[in-house]
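Student: Coordinates in start29.txt, compact mmCIF, N, CA and C atoms, are listed below.
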# COMPACT_ATOMS: atom_id res chain seq x y z
N VAL V 6 1.09 72.82 37.93
CA VAL V 6 0.57 73.17 36.62
C VAL V 6 1.64 73.99 35.88
N PRO V 7 1.94 73.65 34.63
CA PRO V 7 2.95 74.40 33.88
C PRO V 7 2.51 75.83 33.60
N TYR V 8 3.48 76.73 33.57
CA TYR V 8 3.23 78.14 33.30
C TYR V 8 4.32 78.63 32.36
N LEU V 9 3.95 79.47 31.41
CA LEU V 9 4.91 79.97 30.43
C LEU V 9 4.83 81.48 30.33
N LYS V 10 5.97 82.15 30.44
CA LYS V 10 6.07 83.59 30.18
C LYS V 10 7.23 83.77 29.22
N MET V 11 6.92 84.23 28.03
CA MET V 11 7.93 84.40 27.00
C MET V 11 8.61 85.75 27.18
N GLY V 12 9.88 85.81 26.81
CA GLY V 12 10.63 87.04 26.89
C GLY V 12 11.85 87.02 25.99
N VAL V 13 12.49 88.15 25.90
CA VAL V 13 13.69 88.30 25.06
C VAL V 13 14.83 88.76 25.96
N GLU V 14 16.00 88.22 25.72
CA GLU V 14 17.17 88.56 26.50
C GLU V 14 18.26 89.06 25.57
N ALA V 15 18.91 90.16 25.93
CA ALA V 15 20.02 90.70 25.15
C ALA V 15 21.29 89.96 25.54
N ARG V 16 22.04 89.48 24.55
CA ARG V 16 23.28 88.74 24.81
C ARG V 16 24.36 89.24 23.86
N GLU V 17 25.60 88.97 24.22
CA GLU V 17 26.72 89.35 23.37
C GLU V 17 27.77 88.26 23.40
N GLN V 18 28.67 88.31 22.44
CA GLN V 18 29.79 87.38 22.41
C GLN V 18 31.05 88.14 22.76
N LEU V 19 31.79 87.57 23.70
CA LEU V 19 33.03 88.18 24.15
C LEU V 19 34.18 87.22 23.86
N MET V 20 35.34 87.77 23.58
CA MET V 20 36.51 86.94 23.34
C MET V 20 37.03 86.45 24.69
N GLY V 21 37.01 85.13 24.89
CA GLY V 21 37.49 84.53 26.13
C GLY V 21 38.72 83.68 25.86
N ALA V 22 39.13 82.94 26.86
CA ALA V 22 40.32 82.09 26.74
C ALA V 22 40.14 81.01 25.69
N ALA V 23 38.93 80.50 25.55
CA ALA V 23 38.65 79.42 24.60
C ALA V 23 37.99 79.94 23.32
N GLY V 24 38.10 81.23 23.04
CA GLY V 24 37.46 81.82 21.86
C GLY V 24 36.24 82.64 22.26
N LEU V 25 35.27 82.73 21.35
CA LEU V 25 34.07 83.51 21.62
C LEU V 25 33.22 82.82 22.68
N GLU V 26 32.76 83.61 23.66
CA GLU V 26 31.90 83.10 24.72
C GLU V 26 30.63 83.93 24.79
N ASP V 27 29.53 83.26 25.06
CA ASP V 27 28.23 83.91 25.15
C ASP V 27 28.05 84.52 26.54
N ALA V 28 27.54 85.75 26.59
CA ALA V 28 27.33 86.43 27.88
C ALA V 28 26.10 87.32 27.78
N ALA V 29 25.41 87.47 28.90
CA ALA V 29 24.23 88.34 28.95
C ALA V 29 24.67 89.80 28.98
N LEU V 30 23.94 90.63 28.26
CA LEU V 30 24.14 92.08 28.34
C LEU V 30 23.29 92.59 29.50
N THR V 31 23.89 93.30 30.43
CA THR V 31 23.13 93.74 31.60
C THR V 31 23.15 95.24 31.81
N ARG V 32 23.93 95.96 31.02
CA ARG V 32 23.99 97.41 31.19
C ARG V 32 22.63 98.02 30.82
N PRO V 33 21.91 98.64 31.75
CA PRO V 33 20.54 99.08 31.49
C PRO V 33 20.40 100.13 30.38
N ASP V 34 21.47 100.87 30.07
CA ASP V 34 21.37 101.90 29.04
C ASP V 34 21.76 101.38 27.65
N HIS V 35 22.11 100.09 27.54
CA HIS V 35 22.50 99.53 26.24
C HIS V 35 21.26 99.41 25.35
N PRO V 36 21.34 99.81 24.08
CA PRO V 36 20.16 99.77 23.19
C PRO V 36 19.55 98.37 23.05
N LEU V 37 20.37 97.32 23.01
CA LEU V 37 19.82 95.98 22.89
C LEU V 37 19.09 95.54 24.15
N VAL V 38 19.54 95.99 25.31
CA VAL V 38 18.85 95.68 26.56
C VAL V 38 17.50 96.39 26.58
N LYS V 39 17.47 97.64 26.15
CA LYS V 39 16.21 98.39 26.09
C LYS V 39 15.23 97.72 25.10
N TYR V 40 15.76 97.29 23.95
CA TYR V 40 14.93 96.61 22.95
C TYR V 40 14.36 95.31 23.52
N ALA V 41 15.21 94.52 24.18
CA ALA V 41 14.78 93.25 24.76
C ALA V 41 13.70 93.47 25.82
N GLU V 42 13.87 94.48 26.65
CA GLU V 42 12.87 94.77 27.69
C GLU V 42 11.54 95.20 27.07
N ALA V 43 11.59 96.04 26.03
CA ALA V 43 10.36 96.49 25.37
C ALA V 43 9.68 95.32 24.66
N PHE V 44 10.47 94.45 24.02
CA PHE V 44 9.91 93.29 23.32
C PHE V 44 9.24 92.36 24.33
N THR V 45 9.90 92.12 25.46
CA THR V 45 9.34 91.25 26.50
C THR V 45 8.04 91.84 27.05
N LYS V 46 8.04 93.13 27.32
CA LYS V 46 6.85 93.79 27.87
C LYS V 46 5.66 93.67 26.91
N ASN V 47 5.93 93.73 25.61
CA ASN V 47 4.87 93.72 24.60
C ASN V 47 4.80 92.39 23.84
N PHE V 48 5.33 91.31 24.43
CA PHE V 48 5.42 90.04 23.72
C PHE V 48 4.06 89.55 23.22
N ASP V 49 3.05 89.58 24.09
CA ASP V 49 1.73 89.08 23.69
C ASP V 49 1.14 89.91 22.56
N LEU V 50 1.31 91.22 22.62
CA LEU V 50 0.81 92.10 21.57
C LEU V 50 1.53 91.82 20.24
N ILE V 51 2.85 91.64 20.31
CA ILE V 51 3.63 91.33 19.11
C ILE V 51 3.20 89.98 18.54
N ALA V 52 2.97 89.00 19.41
CA ALA V 52 2.54 87.68 18.96
C ALA V 52 1.19 87.72 18.27
N GLU V 53 0.32 88.63 18.69
CA GLU V 53 -0.98 88.78 18.03
C GLU V 53 -0.82 89.30 16.61
N ARG V 54 0.21 90.09 16.37
CA ARG V 54 0.37 90.76 15.07
C ARG V 54 1.37 90.07 14.15
N LYS V 55 2.26 89.28 14.70
CA LYS V 55 3.28 88.58 13.89
C LYS V 55 3.11 87.08 14.07
N SER V 56 2.67 86.40 13.03
CA SER V 56 2.34 84.99 13.16
C SER V 56 3.53 84.13 13.56
N VAL V 57 4.74 84.49 13.13
CA VAL V 57 5.90 83.67 13.47
C VAL V 57 6.19 83.73 14.97
N VAL V 58 5.95 84.87 15.60
CA VAL V 58 6.15 85.00 17.05
C VAL V 58 5.05 84.21 17.77
N ASN V 59 3.83 84.26 17.25
CA ASN V 59 2.74 83.49 17.82
C ASN V 59 3.03 81.98 17.71
N GLN V 60 3.53 81.55 16.58
CA GLN V 60 3.86 80.13 16.40
C GLN V 60 4.98 79.71 17.35
N LEU V 61 5.94 80.58 17.56
CA LEU V 61 7.02 80.30 18.50
C LEU V 61 6.47 80.13 19.91
N ARG V 62 5.56 81.02 20.29
CA ARG V 62 4.94 80.93 21.61
C ARG V 62 4.16 79.63 21.77
N GLU V 63 3.39 79.24 20.73
CA GLU V 63 2.61 78.01 20.80
C GLU V 63 3.51 76.78 20.85
N LEU V 64 4.63 76.80 20.13
CA LEU V 64 5.59 75.70 20.19
C LEU V 64 6.19 75.59 21.59
N ALA V 65 6.49 76.71 22.19
CA ALA V 65 7.02 76.71 23.56
C ALA V 65 5.99 76.13 24.53
N LYS V 66 4.72 76.51 24.36
CA LYS V 66 3.66 75.97 25.22
C LYS V 66 3.57 74.45 25.08
N ALA V 67 3.57 73.96 23.84
CA ALA V 67 3.48 72.52 23.60
C ALA V 67 4.68 71.79 24.20
N SER V 68 5.86 72.39 24.09
CA SER V 68 7.07 71.77 24.65
C SER V 68 7.00 71.69 26.17
N ILE V 69 6.48 72.74 26.79
CA ILE V 69 6.37 72.77 28.26
C ILE V 69 5.37 71.72 28.73
N VAL V 70 4.23 71.61 28.04
CA VAL V 70 3.23 70.61 28.42
C VAL V 70 3.79 69.20 28.23
N ALA V 71 4.51 68.97 27.13
CA ALA V 71 5.11 67.65 26.89
C ALA V 71 6.12 67.32 27.98
N LYS V 72 6.95 68.28 28.37
CA LYS V 72 7.92 68.04 29.44
C LYS V 72 7.21 67.74 30.75
N PHE V 73 6.16 68.50 31.05
CA PHE V 73 5.38 68.27 32.27
C PHE V 73 4.79 66.86 32.29
N MET V 74 4.23 66.43 31.17
CA MET V 74 3.62 65.11 31.11
C MET V 74 4.67 64.01 31.25
N MET V 75 5.82 64.19 30.63
CA MET V 75 6.90 63.20 30.75
C MET V 75 7.40 63.10 32.19
N GLU V 76 7.62 64.24 32.83
CA GLU V 76 8.13 64.25 34.20
C GLU V 76 7.09 63.77 35.21
N SER V 77 5.81 63.93 34.88
CA SER V 77 4.74 63.50 35.78
C SER V 77 4.41 62.02 35.60
N GLY V 78 4.96 61.40 34.57
CA GLY V 78 4.69 59.98 34.33
C GLY V 78 3.31 59.71 33.77
N VAL V 79 2.74 60.66 33.06
CA VAL V 79 1.42 60.47 32.46
C VAL V 79 1.51 59.39 31.39
N GLU V 80 0.56 58.44 31.43
CA GLU V 80 0.51 57.37 30.44
C GLU V 80 -0.71 57.57 29.56
N PHE V 81 -0.53 57.39 28.26
CA PHE V 81 -1.62 57.55 27.30
C PHE V 81 -1.90 56.23 26.62
N HIS V 82 -3.17 55.99 26.33
CA HIS V 82 -3.56 54.82 25.55
C HIS V 82 -3.06 55.00 24.13
N GLU V 83 -2.75 53.93 23.45
CA GLU V 83 -2.20 53.97 22.09
C GLU V 83 -3.10 54.75 21.13
N SER V 84 -4.40 54.79 21.38
CA SER V 84 -5.32 55.49 20.47
C SER V 84 -5.00 56.98 20.36
N TRP V 85 -4.39 57.57 21.40
CA TRP V 85 -4.02 58.99 21.35
C TRP V 85 -2.99 59.26 20.25
N PHE V 86 -2.17 58.28 19.95
CA PHE V 86 -1.10 58.47 18.98
C PHE V 86 -1.53 58.16 17.56
N THR V 87 -2.77 57.70 17.36
CA THR V 87 -3.26 57.38 16.02
C THR V 87 -4.50 58.20 15.69
N LEU V 88 -4.71 59.33 16.36
CA LEU V 88 -5.88 60.16 16.11
C LEU V 88 -5.84 60.83 14.74
N GLY V 89 -4.67 61.26 14.31
CA GLY V 89 -4.54 61.99 13.05
C GLY V 89 -4.02 61.10 11.95
N GLU V 90 -4.08 61.63 10.74
CA GLU V 90 -3.55 60.91 9.58
C GLU V 90 -2.04 61.08 9.51
N GLN V 91 -1.39 60.08 8.95
CA GLN V 91 0.04 60.21 8.67
C GLN V 91 0.19 61.09 7.43
N ARG V 92 1.03 62.10 7.52
CA ARG V 92 1.26 62.99 6.38
C ARG V 92 2.74 63.05 6.10
N SER V 93 3.04 63.18 4.83
CA SER V 93 4.45 63.39 4.49
C SER V 93 4.74 64.88 4.65
N THR V 94 5.94 65.20 5.03
CA THR V 94 6.32 66.59 5.25
C THR V 94 6.46 67.30 3.92
N VAL V 95 5.75 68.42 3.79
CA VAL V 95 5.81 69.20 2.55
C VAL V 95 6.34 70.60 2.80
N CYS V 96 6.77 70.84 4.03
CA CYS V 96 7.23 72.18 4.35
C CYS V 96 8.74 72.28 4.17
N CYS V 97 9.21 73.48 4.18
CA CYS V 97 10.63 73.75 4.09
C CYS V 97 11.27 73.41 5.44
N LEU V 98 12.33 72.63 5.44
CA LEU V 98 12.96 72.21 6.68
C LEU V 98 14.15 73.07 7.05
N GLU V 99 14.27 74.25 6.47
CA GLU V 99 15.34 75.16 6.84
C GLU V 99 14.99 75.89 8.12
N VAL V 100 15.99 76.14 8.94
CA VAL V 100 15.78 76.89 10.18
C VAL V 100 15.82 78.38 9.85
N PRO V 101 14.75 79.13 10.17
CA PRO V 101 14.78 80.56 9.88
C PRO V 101 15.81 81.27 10.75
N GLN V 102 16.47 82.23 10.16
CA GLN V 102 17.49 83.00 10.87
C GLN V 102 17.22 84.48 10.67
N LEU V 103 17.64 85.25 11.64
CA LEU V 103 17.49 86.69 11.55
C LEU V 103 18.81 87.32 11.98
N TRP V 104 19.30 88.24 11.19
CA TRP V 104 20.51 88.92 11.59
C TRP V 104 20.56 90.30 10.96
N ASN V 105 21.39 91.14 11.53
CA ASN V 105 21.59 92.51 11.04
C ASN V 105 23.05 92.85 11.28
N ASP V 106 23.76 93.18 10.23
CA ASP V 106 25.18 93.53 10.33
C ASP V 106 25.37 95.00 9.95
N LYS V 107 26.18 95.69 10.71
CA LYS V 107 26.60 97.05 10.36
C LYS V 107 28.12 97.07 10.38
N CYS V 108 28.70 97.54 9.31
CA CYS V 108 30.16 97.57 9.20
C CYS V 108 30.62 99.03 9.13
N PHE V 109 31.67 99.33 9.84
CA PHE V 109 32.25 100.66 9.86
C PHE V 109 33.70 100.56 9.43
N SER V 110 34.10 101.49 8.60
CA SER V 110 35.48 101.47 8.13
C SER V 110 35.92 102.90 7.84
N LYS V 111 37.20 103.13 7.94
CA LYS V 111 37.77 104.44 7.60
C LYS V 111 38.68 104.24 6.38
N ILE V 112 38.59 105.20 5.49
CA ILE V 112 39.49 105.17 4.34
C ILE V 112 40.29 106.47 4.33
N ARG V 113 41.48 106.39 3.75
CA ARG V 113 42.31 107.59 3.64
C ARG V 113 43.22 107.42 2.43
N MET V 114 43.78 108.52 2.03
CA MET V 114 44.72 108.52 0.91
C MET V 114 46.15 108.47 1.47
N GLN V 115 46.97 107.60 0.88
CA GLN V 115 48.37 107.51 1.27
C GLN V 115 49.16 107.20 0.01
N ASP V 116 50.09 108.08 -0.31
CA ASP V 116 50.92 107.93 -1.52
C ASP V 116 50.06 107.71 -2.76
N SER V 117 49.03 108.54 -2.90
CA SER V 117 48.12 108.51 -4.05
C SER V 117 47.32 107.22 -4.18
N GLU V 118 47.19 106.47 -3.10
CA GLU V 118 46.39 105.25 -3.09
C GLU V 118 45.39 105.31 -1.94
N ILE V 119 44.27 104.64 -2.15
CA ILE V 119 43.27 104.56 -1.09
C ILE V 119 43.67 103.43 -0.15
N VAL V 120 43.78 103.78 1.13
CA VAL V 120 44.12 102.79 2.15
C VAL V 120 42.87 102.58 2.99
N THR V 121 42.44 101.34 3.12
CA THR V 121 41.23 101.04 3.88
C THR V 121 41.59 100.47 5.25
N ALA V 122 40.63 100.53 6.13
CA ALA V 122 40.85 100.04 7.49
C ALA V 122 41.02 98.52 7.50
N GLU V 123 40.44 97.83 6.49
CA GLU V 123 40.56 96.38 6.47
C GLU V 123 42.03 95.96 6.40
N LYS V 124 42.81 96.74 5.67
CA LYS V 124 44.24 96.43 5.58
C LYS V 124 44.95 96.69 6.90
N ASN V 125 44.44 97.65 7.66
CA ASN V 125 45.05 98.00 8.95
C ASN V 125 44.39 97.29 10.12
N LYS V 126 43.43 96.43 9.85
CA LYS V 126 42.70 95.70 10.90
C LYS V 126 41.91 96.64 11.81
N ASP V 127 41.48 97.80 11.29
CA ASP V 127 40.70 98.75 12.08
C ASP V 127 39.21 98.71 11.76
N ALA V 128 38.80 97.84 10.88
CA ALA V 128 37.39 97.77 10.51
C ALA V 128 36.57 97.26 11.70
N LYS V 129 35.38 97.80 11.86
CA LYS V 129 34.50 97.42 12.96
C LYS V 129 33.22 96.83 12.39
N VAL V 130 32.76 95.74 12.98
CA VAL V 130 31.52 95.10 12.57
C VAL V 130 30.66 94.91 13.82
N HIS V 131 29.44 95.40 13.75
CA HIS V 131 28.46 95.20 14.82
C HIS V 131 27.36 94.34 14.24
N SER V 132 27.03 93.23 14.91
CA SER V 132 26.04 92.30 14.39
C SER V 132 25.00 91.99 15.45
N VAL V 133 23.78 91.80 15.00
CA VAL V 133 22.68 91.37 15.87
C VAL V 133 22.10 90.10 15.24
N TYR V 134 22.05 89.02 16.02
CA TYR V 134 21.54 87.75 15.56
C TYR V 134 20.41 87.31 16.46
N GLY V 135 19.43 86.61 15.89
CA GLY V 135 18.31 86.12 16.67
C GLY V 135 18.35 84.61 16.80
N GLY V 136 17.84 84.09 17.89
CA GLY V 136 17.78 82.67 18.11
C GLY V 136 16.82 82.34 19.24
N VAL V 137 16.65 81.06 19.49
CA VAL V 137 15.70 80.61 20.51
C VAL V 137 16.38 79.60 21.41
N ASP V 138 16.15 79.72 22.71
CA ASP V 138 16.61 78.73 23.68
C ASP V 138 15.47 78.53 24.66
N PHE V 139 14.76 77.40 24.57
CA PHE V 139 13.63 77.15 25.46
C PHE V 139 14.10 76.85 26.88
N GLY V 140 15.34 76.43 27.03
CA GLY V 140 15.84 76.12 28.36
C GLY V 140 15.14 74.96 29.02
N ILE V 141 14.64 74.04 28.22
CA ILE V 141 13.90 72.88 28.75
C ILE V 141 14.87 71.74 29.00
Can I see the file as structure tokens?
Tutor:
Amino acid sequence: VPYLKMGVEAREQLMGAAGLEDAALTRPDHPLVKYAEAFTKNFDLIAERKSVVNQLRELAKASIVAKFMMESGVEFHESWFTLGEQRSTVCCLEVPQLWNDKCFSKIRMQDSEIVTAEKNKDAKVHSVYGGVDFGI
């Protein structure tokens, strides 16, 4: 029988030999790891209060059941596929995205001009992006 437990995982991008590579954050004192653990612990409560999280959970459930039925070889009569009406899509087909950027820079005066870190390549950008991977 299929079972689903939703959770959040903290990840980061590191510069590797082939460019940016995705890696899990595992340091227990990292703020994103703490956030991910708290979100996972309270996932059902958050889903009750935020409809988009609830919809994500329901989509994951439907995907798991569909995968289970496909792998189990379940066969359905054609009438199952004609139960509802055909509707044209009226919703927005854009993928929702979530991100948060924080930029840090130092400025200083040099020869009566403002010199910024961007010119010296010292600017720092910290970004948090959200996404979904069902792993199916």
Student: Enter the distance from atom CA of Ile51 of chain V to atom C of Val133 of chain V, in Å, rounded to one decimal.
Tutor: 18.9 Å
Student: Box for segment 55-73 of chain V - axis-aligned, 8 Å on each of the six sides, all listed atoms - centre and size in Å to one decimal, as lines of an AutoDock Vina configuration file.
Tutor:
center_x = 5.1
center_y = 78.1
center_z = 22.7
size_x = 21.7
size_y = 38.4
size_z = 35.3
Student: Could you tell me how far atom CA of Leu19 of chain V sits from atom CA of Val120 of chain V, in Å to one decimal place?
Tutor: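 Taking atom CA of Val120 of chain V as the start and atom CA of Leu19 of chain V as the end point, the length is 28.6 Å.
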Student: Of the candidates V:Ala52, V:Val79, V:Leu9, V:Leu25, which one gets nearest to Ala65 of chain V if we count all atoms listed in the file?
Tutor: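 So, comparing all the options, the nearest one is V:Leu9.
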Student: Which protein, DNA or RNA residues are at most 6 Å from (6.8, 89.8, 25.7) in the file's coordinates when you count all atoms listed in the file, listed as a short mmCIF file (atom, residue, chain, number, x, y, z; two decimals) with N, CA and C atoms, keeping the file's coordinate frame?
Tutor:
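Below you can see result-v7.cif, which holds the result:
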data_model
loop_
_atom_site.label_atom_id
_atom_site.label_comp_id
_atom_site.auth_asym_id
_atom_site.auth_seq_id
_atom_site.Cartn_x
_atom_site.Cartn_y
_atom_site.Cartn_z
N MET V 11 6.92 84.23 28.03
CA MET V 11 7.93 84.40 27.00
C MET V 11 8.61 85.75 27.18
N GLY V 12 9.88 85.81 26.81
CA GLY V 12 10.63 87.04 26.89
C GLY V 12 11.85 87.02 25.99
N VAL V 13 12.49 88.15 25.90
CA VAL V 13 13.69 88.30 25.06
C VAL V 13 14.83 88.76 25.96
N PHE V 44 10.47 94.45 24.02
CA PHE V 44 9.91 93.29 23.32
C PHE V 44 9.24 92.36 24.33
N THR V 45 9.90 92.12 25.46
CA THR V 45 9.34 91.25 26.50
C THR V 45 8.04 91.84 27.05
N LYS V 46 8.04 93.13 27.32
CA LYS V 46 6.85 93.79 27.87
C LYS V 46 5.66 93.67 26.91
N ASN V 47 5.93 93.73 25.61
CA ASN V 47 4.87 93.72 24.60
C ASN V 47 4.80 92.39 23.84
N PHE V 48 5.33 91.31 24.43
CA PHE V 48 5.42 90.04 23.72
C PHE V 48 4.06 89.55 23.22
N ASP V 49 3.05 89.58 24.09
CA ASP V 49 1.73 89.08 23.69
C ASP V 49 1.14 89.91 22.56
#
Student: For the atom pair atom CA of Lys72 of chain V and atom CA of Gln60 of chain V, what is the interatomic distance in Å to one decimal place?
Tutor: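 These two atoms are separated by 18.2 Å.
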Student: Mind filling out segment 29-39 of chain V with all heavy atoms and sending it as an mmCIF file, in the frame of the given file?
Tutor:
data_model
loop_
_atom_site.group_PDB
_atom_site.id
_atom_site.type_symbol
_atom_site.label_atom_id
_atom_site.label_comp_id
_atom_site.auth_asym_id
_atom_site.auth_seq_id
_atom_site.Cartn_x
_atom_site.Cartn_y
_atom_site.Cartn_z
ATOM 1 N N ALA V 29 25.410 87.470 28.900
ATOM 2 C CA ALA V 29 24.230 88.340 28.950
ATOM 3 C C ALA V 29 24.670 89.800 28.980
ATOM 4 O O ALA V 29 25.667 90.147 29.609
ATOM 5 C CB ALA V 29 23.398 88.027 30.179
ATOM 6 N N LEU V 30 23.940 90.630 28.260
ATOM 7 C CA LEU V 30 24.140 92.080 28.340
ATOM 8 C C LEU V 30 23.290 92.590 29.500
ATOM 9 O O LEU V 30 22.089 92.339 29.549
ATOM 10 C CB LEU V 30 23.657 92.758 27.058
ATOM 11 C CG LEU V 30 24.652 92.881 25.923
ATOM 12 C CD1 LEU V 30 23.957 93.377 24.675
ATOM 13 C CD2 LEU V 30 25.773 93.806 26.272
ATOM 14 N N THR V 31 23.890 93.300 30.430
ATOM 15 C CA THR V 31 23.130 93.740 31.600
ATOM 16 C C THR V 31 23.150 95.240 31.810
ATOM 17 O O THR V 31 22.443 95.743 32.679
ATOM 18 C CB THR V 31 23.686 93.062 32.872
ATOM 19 O OG1 THR V 31 25.073 93.364 32.982
ATOM 20 C CG2 THR V 31 23.498 91.559 32.810
ATOM 21 N N ARG V 32 23.930 95.960 31.020
ATOM 22 C CA ARG V 32 23.990 97.410 31.190
ATOM 23 C C ARG V 32 22.630 98.020 30.820
ATOM 24 O O ARG V 32 22.205 97.922 29.670
ATOM 25 C CB ARG V 32 25.102 97.967 30.285
ATOM 26 C CG ARG V 32 25.631 99.292 30.735
ATOM 27 C CD ARG V 32 26.788 99.758 29.877
ATOM 28 N NE ARG V 32 26.259 100.341 28.657
ATOM 29 C CZ ARG V 32 26.756 100.124 27.442
ATOM 30 N NH1 ARG V 32 27.795 99.345 27.288
ATOM 31 N NH2 ARG V 32 26.232 100.688 26.384
ATOM 32 N N PRO V 33 21.910 98.640 31.750
ATOM 33 C CA PRO V 33 20.540 99.080 31.490
ATOM 34 C C PRO V 33 20.400 100.130 30.380
ATOM 35 O O PRO V 33 19.336 100.260 29.796
ATOM 36 C CB PRO V 33 20.057 99.639 32.824
ATOM 37 C CG PRO V 33 21.230 99.700 33.717
ATOM 38 C CD PRO V 33 22.345 98.926 33.101
ATOM 39 N N ASP V 34 21.470 100.870 30.070
ATOM 40 C CA ASP V 34 21.370 101.900 29.040
ATOM 41 C C ASP V 34 21.760 101.380 27.650
ATOM 42 O O ASP V 34 21.714 102.125 26.682
ATOM 43 C CB ASP V 34 22.244 103.106 29.410
ATOM 44 C CG ASP V 34 23.725 102.753 29.480
ATOM 45 O OD1 ASP V 34 24.044 101.583 29.755
ATOM 46 O OD2 ASP V 34 24.562 103.652 29.261
ATOM 47 N N HIS V 35 22.110 100.090 27.540
ATOM 48 C CA HIS V 35 22.500 99.530 26.240
ATOM 49 C C HIS V 35 21.260 99.410 25.350
ATOM 50 O O HIS V 35 20.203 98.956 25.804
ATOM 51 C CB HIS V 35 23.156 98.154 26.431
ATOM 52 C CG HIS V 35 23.861 97.681 25.218
ATOM 53 N ND1 HIS V 35 23.196 97.184 24.127
ATOM 54 C CD2 HIS V 35 25.181 97.630 24.925
ATOM 55 C CE1 HIS V 35 24.066 96.839 23.200
ATOM 56 N NE2 HIS V 35 25.286 97.095 23.662
ATOM 57 N N PRO V 36 21.340 99.810 24.080
ATOM 58 C CA PRO V 36 20.160 99.770 23.190
ATOM 59 C C PRO V 36 19.550 98.370 23.050
ATOM 60 O O PRO V 36 18.334 98.238 22.981
ATOM 61 C CB PRO V 36 20.700 100.260 21.849
ATOM 62 C CG PRO V 36 21.949 100.997 22.166
ATOM 63 C CD PRO V 36 22.494 100.413 23.424
ATOM 64 N N LEU V 37 20.370 97.320 23.010
ATOM 65 C CA LEU V 37 19.820 95.980 22.890
ATOM 66 C C LEU V 37 19.090 95.540 24.150
ATOM 67 O O LEU V 37 18.096 94.812 24.081
ATOM 68 C CB LEU V 37 20.929 94.972 22.552
ATOM 69 C CG LEU V 37 21.512 95.081 21.146
ATOM 70 C CD1 LEU V 37 22.627 94.065 20.955
ATOM 71 C CD2 LEU V 37 20.432 94.896 20.096
ATOM 72 N N VAL V 38 19.540 95.990 25.310
ATOM 73 C CA VAL V 38 18.850 95.680 26.560
ATOM 74 C C VAL V 38 17.500 96.390 26.580
ATOM 75 O O VAL V 38 16.471 95.797 26.941
ATOM 76 C CB VAL V 38 19.705 96.072 27.785
ATOM 77 C CG1 VAL V 38 18.920 95.928 29.081
ATOM 78 C CG2 VAL V 38 20.977 95.231 27.840
ATOM 79 N N LYS V 39 17.470 97.640 26.150
ATOM 80 C CA LYS V 39 16.210 98.390 26.090
ATOM 81 C C LYS V 39 15.230 97.720 25.100
ATOM 82 O O LYS V 39 14.038 97.608 25.379
ATOM 83 C CB LYS V 39 16.466 99.834 25.679
ATOM 84 C CG LYS V 39 17.155 100.640 26.751
ATOM 85 C CD LYS V 39 17.383 102.066 26.293
ATOM 86 C CE LYS V 39 18.052 102.902 27.372
ATOM 87 N NZ LYS V 39 18.231 104.289 26.950
#
